[in-house]
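Asker: final.txt (compact mmCIF, C-alpha atoms) pasted underneath:
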```
# COMPACT_ATOMS: atom_id res chain seq x y z
CA MET A 1 -66.70 -92.09 -125.09
CA THR A 2 -63.27 -92.68 -126.52
CA LYS A 3 -60.56 -91.50 -124.16
CA THR A 4 -58.04 -88.92 -125.26
CA HIS A 5 -54.33 -89.44 -125.71
CA THR A 6 -55.06 -92.38 -128.03
CA LEU A 7 -51.97 -93.33 -130.02
CA LEU A 8 -52.25 -94.78 -133.50
CA CYS A 9 -49.43 -96.27 -135.59
CA GLY A 10 -47.01 -93.80 -137.08
CA LEU A 11 -47.12 -91.22 -134.29
CA ALA A 12 -43.47 -91.79 -133.48
CA CYS A 13 -42.63 -90.57 -136.98
CA THR A 14 -44.86 -87.57 -136.50
CA LEU A 15 -43.29 -86.60 -133.20
CA ALA A 16 -39.78 -86.88 -134.55
CA LEU A 17 -40.50 -83.98 -136.87
CA ILE A 18 -41.50 -81.57 -134.12
CA PRO A 19 -38.53 -79.23 -133.53
CA ALA A 20 -37.39 -78.14 -130.12
CA ILE A 21 -39.02 -74.92 -128.96
CA GLY A 22 -36.70 -72.02 -129.71
CA SER A 23 -34.31 -74.13 -131.77
CA ALA A 24 -32.36 -72.16 -134.33
CA ALA A 25 -32.57 -75.16 -136.64
CA ALA A 26 -36.36 -75.00 -136.71
CA SER A 27 -36.48 -73.06 -139.96
CA ALA A 28 -39.48 -74.94 -141.34
CA ASP A 29 -43.00 -74.33 -140.09
CA PRO A 30 -43.67 -76.94 -137.36
CA VAL A 31 -47.38 -76.97 -138.22
CA GLN A 32 -46.69 -77.83 -141.85
CA GLN A 33 -44.12 -80.43 -140.84
CA LEU A 34 -46.60 -82.08 -138.53
CA ALA A 35 -49.45 -81.94 -141.05
CA ASP A 36 -47.30 -83.52 -143.76
CA SER A 37 -46.22 -86.31 -141.43
CA VAL A 38 -49.76 -86.99 -140.20
CA ALA A 39 -50.95 -87.33 -143.79
CA GLN A 40 -47.99 -89.48 -144.89
CA THR A 41 -48.29 -91.89 -141.96
CA ARG A 42 -52.12 -91.90 -142.09
CA ASP A 43 -52.05 -91.39 -138.36
CA THR A 44 -55.73 -90.35 -138.28
CA GLN A 45 -56.89 -93.44 -140.18
CA GLY A 46 -58.83 -91.41 -142.72
CA GLN A 47 -60.22 -88.79 -140.35
CA PRO A 48 -59.73 -85.03 -140.73
CA PHE A 49 -57.47 -83.39 -138.19
CA ALA A 50 -56.60 -80.08 -136.59
CA ILE A 51 -53.40 -78.59 -135.22
CA ILE A 52 -53.14 -75.94 -132.52
CA ASP A 53 -49.98 -73.85 -132.54
CA LYS A 54 -50.06 -72.36 -129.06
CA ALA A 55 -47.09 -70.09 -129.73
CA ARG A 56 -49.12 -68.37 -132.43
CA ALA A 57 -52.51 -68.98 -130.78
CA ARG A 58 -53.79 -70.34 -134.06
CA LEU A 59 -55.95 -73.27 -135.17
CA PHE A 60 -55.38 -75.10 -138.47
CA VAL A 61 -57.92 -77.56 -139.88
CA PHE A 62 -56.89 -80.21 -142.40
CA GLN A 63 -58.46 -82.87 -144.58
CA PRO A 64 -57.09 -86.41 -144.05
CA ASP A 65 -54.68 -86.00 -146.96
CA GLY A 66 -53.11 -82.91 -145.37
CA ARG A 67 -54.90 -80.27 -147.45
CA VAL A 68 -55.61 -77.12 -145.44
CA GLN A 69 -59.31 -76.61 -144.83
CA GLY A 70 -58.89 -73.33 -142.98
CA SER A 71 -57.01 -71.42 -140.29
CA SER A 72 -58.08 -69.03 -137.57
CA PRO A 73 -56.78 -67.28 -134.46
CA VAL A 74 -58.11 -68.78 -131.23
CA LEU A 75 -58.11 -68.05 -127.52
CA LEU A 76 -56.29 -70.50 -125.25
CA GLY A 77 -55.66 -71.19 -121.58
CA SER A 78 -54.29 -68.17 -119.76
CA ALA A 79 -51.51 -70.14 -118.04
CA ARG A 80 -48.35 -71.24 -119.84
CA GLY A 81 -47.85 -74.98 -119.72
CA ASP A 82 -48.51 -78.21 -121.59
CA ALA A 83 -50.25 -80.45 -119.06
CA SER A 84 -53.57 -80.40 -117.24
CA VAL A 85 -53.65 -80.66 -113.47
CA PRO A 86 -54.81 -84.17 -112.46
CA GLY A 87 -58.49 -84.17 -111.56
CA ILE A 88 -59.12 -80.66 -112.84
CA GLY A 89 -62.13 -81.80 -114.85
CA GLN A 90 -64.01 -82.64 -111.67
CA ARG A 91 -63.40 -79.28 -110.00
CA LYS A 92 -65.56 -76.18 -110.05
CA ILE A 93 -64.33 -73.38 -112.29
CA ALA A 94 -64.15 -71.05 -109.30
CA ASP A 95 -61.65 -73.41 -107.66
CA ILE A 96 -59.20 -73.45 -110.57
CA ARG A 97 -56.18 -71.25 -109.84
CA PRO A 98 -54.75 -68.93 -112.54
CA ASP A 99 -51.60 -71.05 -112.85
CA GLU A 100 -53.72 -74.15 -113.56
CA ARG A 101 -55.55 -72.73 -116.58
CA THR A 102 -53.53 -74.50 -119.26
CA THR A 103 -54.40 -75.87 -122.67
CA PRO A 104 -52.73 -79.29 -122.67
CA ALA A 105 -50.41 -80.39 -125.46
CA GLY A 106 -50.72 -83.79 -127.05
CA ARG A 107 -52.81 -85.88 -129.40
CA PHE A 108 -56.53 -85.99 -128.71
CA ALA A 109 -59.69 -87.44 -130.21
CA ILE A 110 -62.13 -84.76 -131.40
CA GLU A 111 -65.64 -85.74 -130.36
CA PRO A 112 -68.89 -83.78 -130.66
CA GLY A 113 -70.78 -83.12 -127.45
CA ARG A 114 -72.77 -80.64 -125.38
CA ASN A 115 -71.72 -78.46 -122.48
CA ALA A 116 -73.71 -77.77 -119.33
CA GLN A 117 -75.58 -74.97 -121.14
CA GLY A 118 -76.63 -77.30 -123.95
CA GLU A 119 -74.32 -75.70 -126.53
CA ASP A 120 -72.76 -77.90 -129.19
CA ILE A 121 -69.02 -78.22 -128.64
CA PHE A 122 -66.17 -80.56 -129.49
CA TRP A 123 -64.44 -82.37 -126.67
CA ILE A 124 -60.66 -82.37 -126.86
CA ASP A 125 -59.89 -83.82 -123.43
CA TYR A 126 -63.13 -84.90 -121.78
CA ASP A 127 -61.52 -85.96 -118.50
CA ALA A 128 -59.86 -82.54 -118.11
CA ALA A 129 -63.00 -80.72 -119.31
CA VAL A 130 -61.11 -79.14 -122.21
CA SER A 131 -63.24 -78.46 -125.26
CA MET A 132 -63.25 -76.46 -128.49
CA HIS A 133 -66.24 -74.13 -128.74
CA ARG A 134 -67.47 -70.82 -130.08
CA VAL A 135 -66.01 -67.78 -128.35
CA ARG A 136 -68.31 -66.36 -125.67
CA ALA A 137 -68.30 -62.62 -125.11
CA THR A 138 -70.37 -62.75 -121.93
CA ASN A 139 -67.87 -60.81 -119.83
CA PRO A 140 -67.03 -57.44 -121.48
CA LYS A 141 -63.99 -57.01 -119.21
CA GLU A 142 -62.30 -60.01 -120.83
CA ARG A 143 -62.51 -58.44 -124.32
CA ARG A 144 -62.47 -61.84 -125.98
CA LEU A 145 -63.65 -60.63 -129.38
CA GLU A 146 -61.12 -57.81 -129.36
CA ARG A 147 -58.34 -60.22 -128.42
CA LEU A 148 -59.15 -62.41 -131.41
CA ALA A 149 -59.06 -59.40 -133.71
CA THR A 150 -55.59 -58.16 -132.77
CA ALA A 151 -52.59 -59.00 -134.93
CA THR A 152 -50.51 -60.36 -132.05
CA PRO A 153 -51.06 -63.66 -130.18
CA ALA A 154 -49.78 -62.08 -126.97
CA ASP A 155 -53.30 -61.28 -125.74
CA ASN A 156 -54.95 -64.55 -126.82
CA ARG A 157 -54.42 -66.24 -123.46
CA ILE A 158 -57.61 -65.78 -121.45
CA SER A 159 -59.54 -69.05 -121.10
CA TYR A 160 -59.51 -71.73 -118.40
CA GLY A 161 -57.96 -74.10 -120.93
CA CYS A 162 -60.65 -74.46 -123.57
CA ILE A 163 -60.08 -73.44 -127.18
CA ASN A 164 -62.29 -70.46 -128.08
CA VAL A 165 -62.97 -70.23 -131.81
CA PRO A 166 -64.54 -67.31 -133.72
CA VAL A 167 -68.22 -68.10 -134.31
CA ALA A 168 -68.08 -67.93 -138.11
CA PHE A 169 -65.03 -70.21 -138.33
CA PHE A 170 -66.53 -72.67 -135.85
CA ASP A 171 -69.78 -72.95 -137.82
CA THR A 172 -68.38 -72.97 -141.36
CA VAL A 173 -65.15 -74.95 -140.90
CA VAL A 174 -64.85 -76.72 -137.54
CA LYS A 175 -68.41 -77.97 -137.25
CA LEU A 176 -68.75 -78.98 -140.90
CA THR A 177 -65.43 -80.83 -140.79
CA PHE A 178 -65.76 -82.75 -137.52
CA GLN A 179 -69.47 -83.12 -136.73
CA ALA A 180 -70.03 -86.23 -138.82
CA ARG A 181 -66.52 -87.65 -139.19
CA ARG A 182 -64.97 -86.66 -135.87
CA GLY A 183 -61.20 -86.36 -136.08
CA VAL A 184 -57.92 -85.84 -134.26
CA MET A 185 -56.46 -82.75 -132.60
CA TYR A 186 -52.72 -82.21 -132.25
CA VAL A 187 -51.72 -79.47 -129.80
CA LEU A 188 -48.09 -78.44 -130.19
CA PRO A 189 -46.19 -77.90 -126.91
CA GLU A 190 -45.08 -74.41 -125.94
CA THR A 191 -42.47 -75.28 -123.33
CA PRO A 192 -39.24 -77.32 -123.57
CA SER A 193 -40.66 -79.83 -121.12
CA GLY A 194 -43.73 -80.16 -123.31
CA ARG A 195 -41.86 -82.55 -125.58
CA ASP A 196 -42.23 -85.10 -122.79
CA VAL A 197 -45.98 -85.08 -123.35
CA PHE A 198 -45.47 -86.54 -126.81
CA SER A 199 -42.74 -88.91 -125.64
CA ALA A 200 -45.10 -90.37 -123.07
CA LEU A 201 -47.66 -91.11 -125.77
CA LYS A 202 -45.22 -93.42 -127.50
CA THR A 203 -45.81 -96.01 -124.76
CA ASN A 204 -49.58 -96.14 -125.35
CA LYS A 205 -51.15 -98.96 -127.31
CA PRO A 206 -53.28 -98.38 -130.42
CA GLY A 207 -56.90 -97.99 -129.40
CA SER A 208 -56.12 -97.47 -125.70
```
So that I can check it, write out the structure of this file as structure tokens.

Answerer:
Amino acid sequence: MTKTHTLLCGLACTLALIPAIGSAAASADPVQQLADSVAQTRDTQGQPFAIIDKARARLFVFQPDGRVQGSSPVLLGSARGDASVPGIGQRKIADIRPDERTTPAGRFAIEPGRNAQGEDIFWIDYDAAVSMHRVRATNPKERRLERLATATPADNRISYGCINVPVAFFDTVVKLTFQARRGVMYVLPETPSGRDVFSALKTNKPGS
């Protein structure tokens, strides 16, 4: 399995367009800026891609040329932060503290797979056990479906780090786009220090 945080040529150009969180100069939509740059630099090498805007708790799916395939609200990790705790993918869910339940920022390979229950999912960071999958409403107290339906992203932070997608959007957009061709996921940082996540990727080698 291809490891995540793989850097292809042109990513430095892509990252340069991401504005600082909270910057008054960030008048343009950072998602559109990033999508345009990904398409122009051909950073995905002909693969479709997706962008997660954690500030808005929203998923955007694009064709390789930057055309929008679709957009949907999603549920994300309940903890604010842009990095996964080292070794978290090998720990039991019950042992993961609330402050460790982050959705990591960065550039990741999207790869189809199966979870422990045999459900089809897409791995985003296999080593950290972060995946993109259909929302599960198994615990009524979590109100996951209701959270997705609200107009505000303030209540969309509930998962252990995985990206929960509405079932219809997962089946009609996500699965159809990435099942055969795979792709690349870009998760925008939500904290000022999150920019370091992208800076660190600049030192990686293509195909690493």

Asker: Using only C-alpha atoms, which residues sit within 10 Å of Val68 of chain A once same-chain residues fewer than 3 positions away are excluded, as a list of chain:residue names?

Answerer: A:Gln32, A:Ala35, A:Phe49, A:Ala50, A:Phe60, A:Val61, A:Phe62, A:Gln63, A:Pro64, A:Asp65, A:Ser71

Asker: In Å, how far is it from atom CA of Ile110 of chain A to atom CA of Phe170 of chain A?

Answerer: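 Interatomic distance here is 13.6 Å.
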
Asker: Check the smallest atom-to-atom distance from each of A:Phe108, A:Tyr186, A:Phe178, A:Phe169 to Tyr126 of chain A using only C-alpha atoms, then report the winner.

Answerer: A:Phe108

Asker: With distances taken over all atoms listed in the file, which residue among A:Arg67, A:Arg101, A:Arg80, A:Arg42 lies nearest Pro192 of chain A?

Answerer: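 Of the candidates, the smallest distance to Pro192 of chain A is held by A:Arg80.
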
Asker: For segment 19-136 of chain A versus segment 152-159 of chain A, which residues have an atom no more than 12 Å away, and what is each residue's nearest atom pair and distance in Å rounded to one decimal, using only C-alpha atoms, chain-then-number order, as CSV?

Answerer:
```
residue,atom,partner,partner_atom,distance
A:Asp53,CA,A:Pro153,CA,10.5
A:Lys54,CA,A:Pro153,CA,8.8
A:Ala55,CA,A:Pro153,CA,7.6
A:Arg56,CA,A:Pro153,CA,5.6
A:Ala57,CA,A:Pro153,CA,5.5
A:Arg58,CA,A:Pro153,CA,8.2
A:Leu59,CA,A:Pro153,CA,11.9
A:Ser72,CA,A:Pro153,CA,11.5
A:Pro73,CA,A:Pro153,CA,8.0
A:Val74,CA,A:Asn156,CA,6.9
A:Leu75,CA,A:Asn156,CA,4.8
A:Leu76,CA,A:Arg157,CA,5.0
A:Gly77,CA,A:Ser159,CA,4.5
A:Ser78,CA,A:Arg157,CA,4.2
A:Ala79,CA,A:Arg157,CA,7.3
A:Arg80,CA,A:Arg157,CA,8.7
A:Gly81,CA,A:Arg157,CA,11.6
A:Ile93,CA,A:Ser159,CA,10.9
A:Ile96,CA,A:Ser159,CA,11.4
A:Arg97,CA,A:Ser159,CA,12.0
A:Pro98,CA,A:Ser159,CA,9.8
A:Asp99,CA,A:Ser159,CA,11.6
A:Glu100,CA,A:Ser159,CA,10.8
A:Arg101,CA,A:Ser159,CA,7.1
A:Thr102,CA,A:Ser159,CA,8.3
A:Thr103,CA,A:Ser159,CA,8.7
A:Val130,CA,A:Ser159,CA,10.3
A:Ser131,CA,A:Ser159,CA,10.9
A:Met132,CA,A:Ser159,CA,11.1
A:His133,CA,A:Ser159,CA,11.4
A:Val135,CA,A:Ser159,CA,9.8
A:Arg136,CA,A:Ser159,CA,10.2
```

Asker: In terms of the shortest atom-to-atom distance over all atoms listed in the file, which of A:Asn164, A:Thr150, A:Gln179, A:Gln33 is closest to Pro48 of chain A?

Answerer: A:Gln179

Asker: Need the axis-aligned box for segment 43-57 of chain A with 4 Å each side, so what are the centre and edges in Å to one decimal, as JSON?

Answerer:
```
{"center_x": -53.7, "center_y": -80.9, "center_z": -135.9, "size_x": 21.1, "size_y": 33.1, "size_z": 21.7}
```

Asker: Would you list the contacts of segment 121-125 of chain A as a ChimeraX atom specification, taking every protein, DNA or RNA residue within 12 Å and counting all atoms listed in the file, but skipping same-chain residues closer than 6 positions in sequence?

Answerer: /A:1-6,49-52,83-84,87-89,103-115,131-135,161-165,167,170-171,174-180,182-187

Asker: Find the distance between atom CA of Gly118 of chain A and atom CA of Pro166 of chain A and write it in Å to one decimal.

Answerer: 18.5 Å

Asker: Quick one: pull the distance between atom CA of Ala128 of chain A and atom CA of Arg144 of chain A, Å, one decimal.

Answerer: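 Interatomic distance, atom CA of Ala128 of chain A to atom CA of Arg144 of chain A: 22.3 Å.
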